[in-house]
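Single-structure report; data block below.
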Amino acid sequence: MKFEKILFHTRFRELALNSFKSILELENAGLKKVVLAHIIPREDFLVPYGGYMKDKEEEFVELAKIRFEEWRQAVADHPTEIDFRVEVGSVNDKILEIAQQEDVDLIVAGRKKRTLLEKIYVGSHILDLVRRSPKPVLLSKYMVQFEWEGESLTRTNDRVFTCPMLATDWSQPSENALDALLAMKGVTQRVIVAHNIDSKLTKNRSKIDIRALEEESRKRLEKYCDTLKKHGLSAEQHLSFGHTATEIIRLSREHRATMIILGRTGKDWFQEYWFGGVSHRVAENSELPVMLVP
C-alpha cells in the first residue's frame, strides 16, 4: 500500500484548511499529490415546480474555485502538487467517481458537528462512503471537544500520523490496515497495536479456555509488532478485555495515540450501517481521526 495521491473532500467548514495542512505530513512518507474536492448537492439549486437556478450554481462553483486557489497559495512552500475539483451532484457518488478517475490511494472526509461545542458526529453519508469505497477512508477531526473522566476536554489533531493505533480483529482488512501503517513509515514515530477480547467471547467460557484465548491473542499481537519492527518502526502491543469499541477508545487515550486505524470487515456492515457496529461507534465516540481500511 502507498499514500502518494490523496483525495481531500471539504465543505469549507471552520478549520478545514488546518485539517488539510495536517494531512501534508504524509509528504515524509511519499505523498506527491492532493486532489481537493468540493461537491455541491444539486438540490441546493432546485426551485418549486421544476425550476433550476443555473446562475446560482455557477456562482457557487466559482466561489469554491477561488477558495481552493487560496488554499493552494497557503501551502505554496510544500512540494506536494495540489489540484482541485468542484462538482455538482450527489456528494458520495461524486467523491467515489473522482477518487476512481484520479486513482487516489486515500480519501479524507470530514465529519459533522453535533453541537456548537464541536461534539463528534458521524453521519449516515460518511458510513455510506466508507461502505462503498474500495480505498481507505480517513475521517478527519481537526479540533474536537469530548468528555473523559468527568472532564470536558478539547483536542487539536494536528499531528495525525505521529502515533497511530491499529485496533485489529485478525481479519484480512486488519492485515490491510497493517500495510497502511507501513506506508506511513516516514512520518510515524511509534505504533500501538491493540486487540480486545470482547466480553461476548468470554461469556460462559472456562478459565482455561479464556487463558488459551489470551495466549493466542498475545502471540498474534507479537507477530504484528515484529512485522512493524522489521520495517524500522517502533511498536508496542496491548491486549484488553471488555466491550470492544469502549476498550479501543480507552487504549487510544491511555497510550496517547494520535489516530485509530481499523480494518473494515464486511460481515456486519448491514448491522453497522443501520445500528452502529464497532467501526461506527469508534468513529463517532473517539476524539481522534479514524482510518477505515477495506
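Labels used: A, B, ... for chains in the order of the C-alpha cells, numbers from 1 for residues in each chain, and numbers from 1 for ligands as shown.
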
Quiz item: Hey, what does DSSP flag as strand (DSSP E or B) within stretch 203-278 of chain A? Can you give it to me as number ranges by chain?
Solution: A: 235-242, 259-263

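Contact shell of A:Met143 at 9 Å (only C-alpha atoms; same-chain neighbours under 5 positions omitted): Leu15, Ser19, Glu118, Thr154, Arg155, Thr156, Asn157, Asp158 and Glu287 of chain A.
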
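Using only C-alpha atoms, the nearest neighbour of A:Ile95 within the list A:His9, A:Glu57, A:His125, A:Asp44 is A:His9.
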
Self-check item: Neighbour list for A:Leu292 as JSON, numbers by chain, cut-off 7 Å, only C-alpha atoms, skip fewer than 6 positions in-chain
Solution: {"A": [136, 137, 138, 261, 262, 263, 264]}

Could those residues be written to a file, using N, CA, C and O atoms, as a PDB file, in the first residue's frame?
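What follows is the written file out-v3.pdb:
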ATOM      1  N   PRO A 136      -9.047   3.137   1.341  1.00  0.00           N
ATOM      2  CA  PRO A 136      -9.160   3.562   2.739  1.00  0.00           C
ATOM      3  C   PRO A 136      -9.777   4.952   2.846  1.00  0.00           C
ATOM      4  O   PRO A 136      -9.566   5.805   1.981  1.00  0.00           O
ATOM      5  N   VAL A 137     -10.544   5.158   3.907  1.00  0.00           N
ATOM      6  CA  VAL A 137     -11.163   6.455   4.170  1.00  0.00           C
ATOM      7  C   VAL A 137     -10.703   6.932   5.544  1.00  0.00           C
ATOM      8  O   VAL A 137     -10.813   6.202   6.537  1.00  0.00           O
ATOM      9  N   LEU A 138     -10.172   8.147   5.589  1.00  0.00           N
ATOM     10  CA  LEU A 138      -9.760   8.756   6.847  1.00  0.00           C
ATOM     11  C   LEU A 138     -10.792   9.792   7.259  1.00  0.00           C
ATOM     12  O   LEU A 138     -11.045  10.749   6.530  1.00  0.00           O
ATOM     13  N   ILE A 261      -6.642   3.222  13.512  1.00  0.00           N
ATOM     14  CA  ILE A 261      -6.814   2.540  12.231  1.00  0.00           C
ATOM     15  C   ILE A 261      -7.548   1.230  12.470  1.00  0.00           C
ATOM     16  O   ILE A 261      -7.158   0.434  13.332  1.00  0.00           O
ATOM     17  N   LEU A 262      -8.608   1.021  11.695  1.00  0.00           N
ATOM     18  CA  LEU A 262      -9.408  -0.194  11.809  1.00  0.00           C
ATOM     19  C   LEU A 262      -9.575  -0.830  10.438  1.00  0.00           C
ATOM     20  O   LEU A 262      -9.741  -0.132   9.440  1.00  0.00           O
ATOM     21  N   GLY A 263      -9.550  -2.140  10.392  1.00  0.00           N
ATOM     22  CA  GLY A 263      -9.924  -2.834   9.178  1.00  0.00           C
ATOM     23  C   GLY A 263     -11.433  -2.823   9.052  1.00  0.00           C
ATOM     24  O   GLY A 263     -12.141  -3.022  10.050  1.00  0.00           O
ATOM     25  N   ARG A 264     -11.923  -2.591   7.855  1.00  0.00           N
ATOM     26  CA  ARG A 264     -13.371  -2.536   7.643  1.00  0.00           C
ATOM     27  C   ARG A 264     -13.882  -3.921   7.260  1.00  0.00           C
ATOM     28  O   ARG A 264     -13.885  -4.292   6.098  1.00  0.00           O
TER      29      ARG A 264
END

Exercise. Write down as JSON, numbers by chain the residues of stretch 79-268 of chain A whose backbone DSSP state falls under helix (DSSP H, G or I).
Key: {"A": [91, 92, 93, 94, 95, 96, 97, 98, 99, 100, 101, 102, 124, 125, 126, 127, 128, 129, 130, 131, 132, 172, 173, 174, 175, 176, 177, 178, 179, 180, 181, 182, 199, 200, 201, 202, 207, 208, 209, 210, 211, 212, 213, 214, 215, 216, 217, 218, 219, 220, 221, 222, 223, 224, 225, 226, 227, 228, 229, 230, 244, 245, 246, 247, 248, 249, 250, 251, 252, 253, 254]}

For the residues in the current selection, export C-alpha atoms as a JSON list (two decimals), in the first residue's frame.
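Dumped everything to selection12.json:
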[["chain", "number", "residue", "atom", "x", "y", "z"],
["A", 91, "VAL", "CA", -21.91, 14.03, -2.78],
["A", 92, "ASN", "CA", -20.82, 10.44, -2.22],
["A", 93, "ASP", "CA", -21.31, 9.44, -5.85],
["A", 94, "LYS", "CA", -19.09, 12.31, -6.95],
["A", 95, "ILE", "CA", -16.43, 11.62, -4.31],
["A", 96, "LEU", "CA", -16.16, 8.00, -5.42],
["A", 97, "GLU", "CA", -16.21, 9.00, -9.08],
["A", 98, "ILE", "CA", -13.38, 11.49, -8.61],
["A", 99, "ALA", "CA", -11.42, 9.00, -6.48],
["A", 100, "GLN", "CA", -11.61, 6.48, -9.31],
["A", 101, "GLN", "CA", -10.78, 8.98, -12.03],
["A", 102, "GLU", "CA", -7.79, 10.33, -10.12],
["A", 124, "SER", "CA", -25.03, 8.28, 7.51],
["A", 125, "HIS", "CA", -23.34, 9.83, 4.46],
["A", 126, "ILE", "CA", -19.92, 9.03, 5.93],
["A", 127, "LEU", "CA", -20.94, 5.46, 6.71],
["A", 128, "ASP", "CA", -22.25, 5.13, 3.17],
["A", 129, "LEU", "CA", -18.97, 6.47, 1.75],
["A", 130, "VAL", "CA", -16.90, 4.06, 3.85],
["A", 131, "ARG", "CA", -19.16, 1.15, 2.94],
["A", 132, "ARG", "CA", -18.84, 1.81, -0.80],
["A", 172, "GLN", "CA", -7.86, -9.62, 6.22],
["A", 173, "PRO", "CA", -8.90, -5.95, 6.40],
["A", 174, "SER", "CA", -6.82, -5.74, 9.60],
["A", 175, "GLU", "CA", -3.86, -7.12, 7.66],
["A", 176, "ASN", "CA", -4.53, -4.43, 5.04],
["A", 177, "ALA", "CA", -4.58, -1.84, 7.83],
["A", 178, "LEU", "CA", -1.14, -3.11, 8.88],
["A", 179, "ASP", "CA", 0.04, -2.41, 5.32],
["A", 180, "ALA", "CA", -1.40, 1.09, 5.64],
["A", 181, "LEU", "CA", 0.73, 1.62, 8.75],
["A", 182, "LEU", "CA", 3.85, 0.50, 6.88],
["A", 199, "SER", "CA", -16.97, -9.92, 26.62],
["A", 200, "LYS", "CA", -19.26, -11.90, 24.30],
["A", 201, "LEU", "CA", -16.39, -14.29, 23.55],
["A", 202, "THR", "CA", -15.61, -14.97, 27.20],
["A", 207, "LYS", "CA", -10.81, -20.04, 32.84],
["A", 208, "ILE", "CA", -8.66, -22.47, 30.85],
["A", 209, "ASP", "CA", -10.38, -21.51, 27.59],
["A", 210, "ILE", "CA", -10.04, -17.80, 28.35],
["A", 211, "ARG", "CA", -6.36, -18.23, 29.19],
["A", 212, "ALA", "CA", -5.78, -20.06, 25.91],
["A", 213, "LEU", "CA", -7.58, -17.29, 24.03],
["A", 214, "GLU", "CA", -5.41, -14.70, 25.77],
["A", 215, "GLU", "CA", -2.18, -16.55, 24.95],
["A", 216, "GLU", "CA", -3.15, -16.90, 21.28],
["A", 217, "SER", "CA", -4.03, -13.20, 21.10],
["A", 218, "ARG", "CA", -0.68, -12.17, 22.58],
["A", 219, "LYS", "CA", 1.17, -14.32, 20.06],
["A", 220, "ARG", "CA", -0.72, -12.68, 17.20],
["A", 221, "LEU", "CA", -0.05, -9.21, 18.60],
["A", 222, "GLU", "CA", 3.64, -10.04, 18.85],
["A", 223, "LYS", "CA", 3.64, -11.14, 15.22],
["A", 224, "TYR", "CA", 2.13, -7.81, 14.13],
["A", 225, "CYS", "CA", 4.70, -5.89, 16.18],
["A", 226, "ASP", "CA", 7.55, -7.97, 14.75],
["A", 227, "THR", "CA", 6.42, -7.07, 11.23],
["A", 228, "LEU", "CA", 6.43, -3.37, 12.10],
["A", 229, "LYS", "CA", 9.83, -3.57, 13.80],
["A", 230, "LYS", "CA", 11.36, -5.34, 10.80],
["A", 244, "THR", "CA", -14.61, -3.63, 22.03],
["A", 245, "ALA", "CA", -15.44, -0.07, 20.95],
["A", 246, "THR", "CA", -15.10, 1.23, 24.53],
["A", 247, "GLU", "CA", -11.76, -0.54, 25.02],
["A", 248, "ILE", "CA", -10.33, 0.73, 21.72],
["A", 249, "ILE", "CA", -11.07, 4.31, 22.73],
["A", 250, "ARG", "CA", -9.73, 3.76, 26.27],
["A", 251, "LEU", "CA", -6.47, 2.29, 24.99],
["A", 252, "SER", "CA", -6.04, 5.09, 22.46],
["A", 253, "ARG", "CA", -6.31, 7.66, 25.24],
["A", 254, "GLU", "CA", -4.17, 5.91, 27.83]]

Polymer residues at most 7 Å from A:His195, only C-alpha atoms, same-chain spacing of 2 or more positions, as a CSV table (one decimal) with N, CA, C and O atoms, in the first residue's frame:
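Once everything was written out, this is selection_5.csv:
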chain,number,residue,atom,x,y,z
A,167,ALA,N,-6.2,-1.1,15.7
A,167,ALA,CA,-7.1,-2.0,16.5
A,167,ALA,C,-7.4,-3.2,15.6
A,167,ALA,O,-8.2,-3.0,14.6
A,168,THR,N,-6.9,-4.3,15.9
A,168,THR,CA,-7.0,-5.5,15.0
A,168,THR,C,-8.0,-6.5,15.5
A,168,THR,O,-8.1,-6.7,16.7
A,169,ASP,N,-8.7,-7.2,14.6
A,169,ASP,CA,-9.5,-8.3,14.9
A,169,ASP,C,-9.0,-9.6,14.1
A,169,ASP,O,-9.8,-10.5,14.0
A,197,ILE,N,-10.4,-8.6,23.5
A,197,ILE,CA,-11.2,-9.9,23.6
A,197,ILE,C,-12.6,-9.5,24.1
A,197,ILE,O,-12.7,-9.2,25.3
A,238,HIS,N,-0.9,-4.2,23.1
A,238,HIS,CA,-1.8,-4.0,24.2
A,238,HIS,C,-3.0,-4.9,24.0
A,238,HIS,O,-3.6,-4.9,22.9
A,239,LEU,N,-3.3,-5.7,25.0
A,239,LEU,CA,-4.5,-6.6,25.0
A,239,LEU,C,-5.4,-6.2,26.1
A,239,LEU,O,-5.0,-5.9,27.2
A,240,SER,N,-6.7,-6.2,25.7
A,240,SER,CA,-7.7,-5.8,26.7
A,240,SER,C,-8.9,-6.7,26.6
A,240,SER,O,-9.1,-7.5,25.7

Quiz item: What lies within 12 Å of A:Asp55 using only C-alpha atoms, ignoring chain neighbours under 6 positions off, as a list of chain:residue names?
Solution: A:Phe45, A:Leu46, A:Val61, A:Glu62

Quiz item: Restricting the calculation to only C-alpha atoms, which member of A:Ser152, A:Asn18, A:Pro289, A:Phe12 is positioned closest to A:Val75?
Solution: A:Asn18
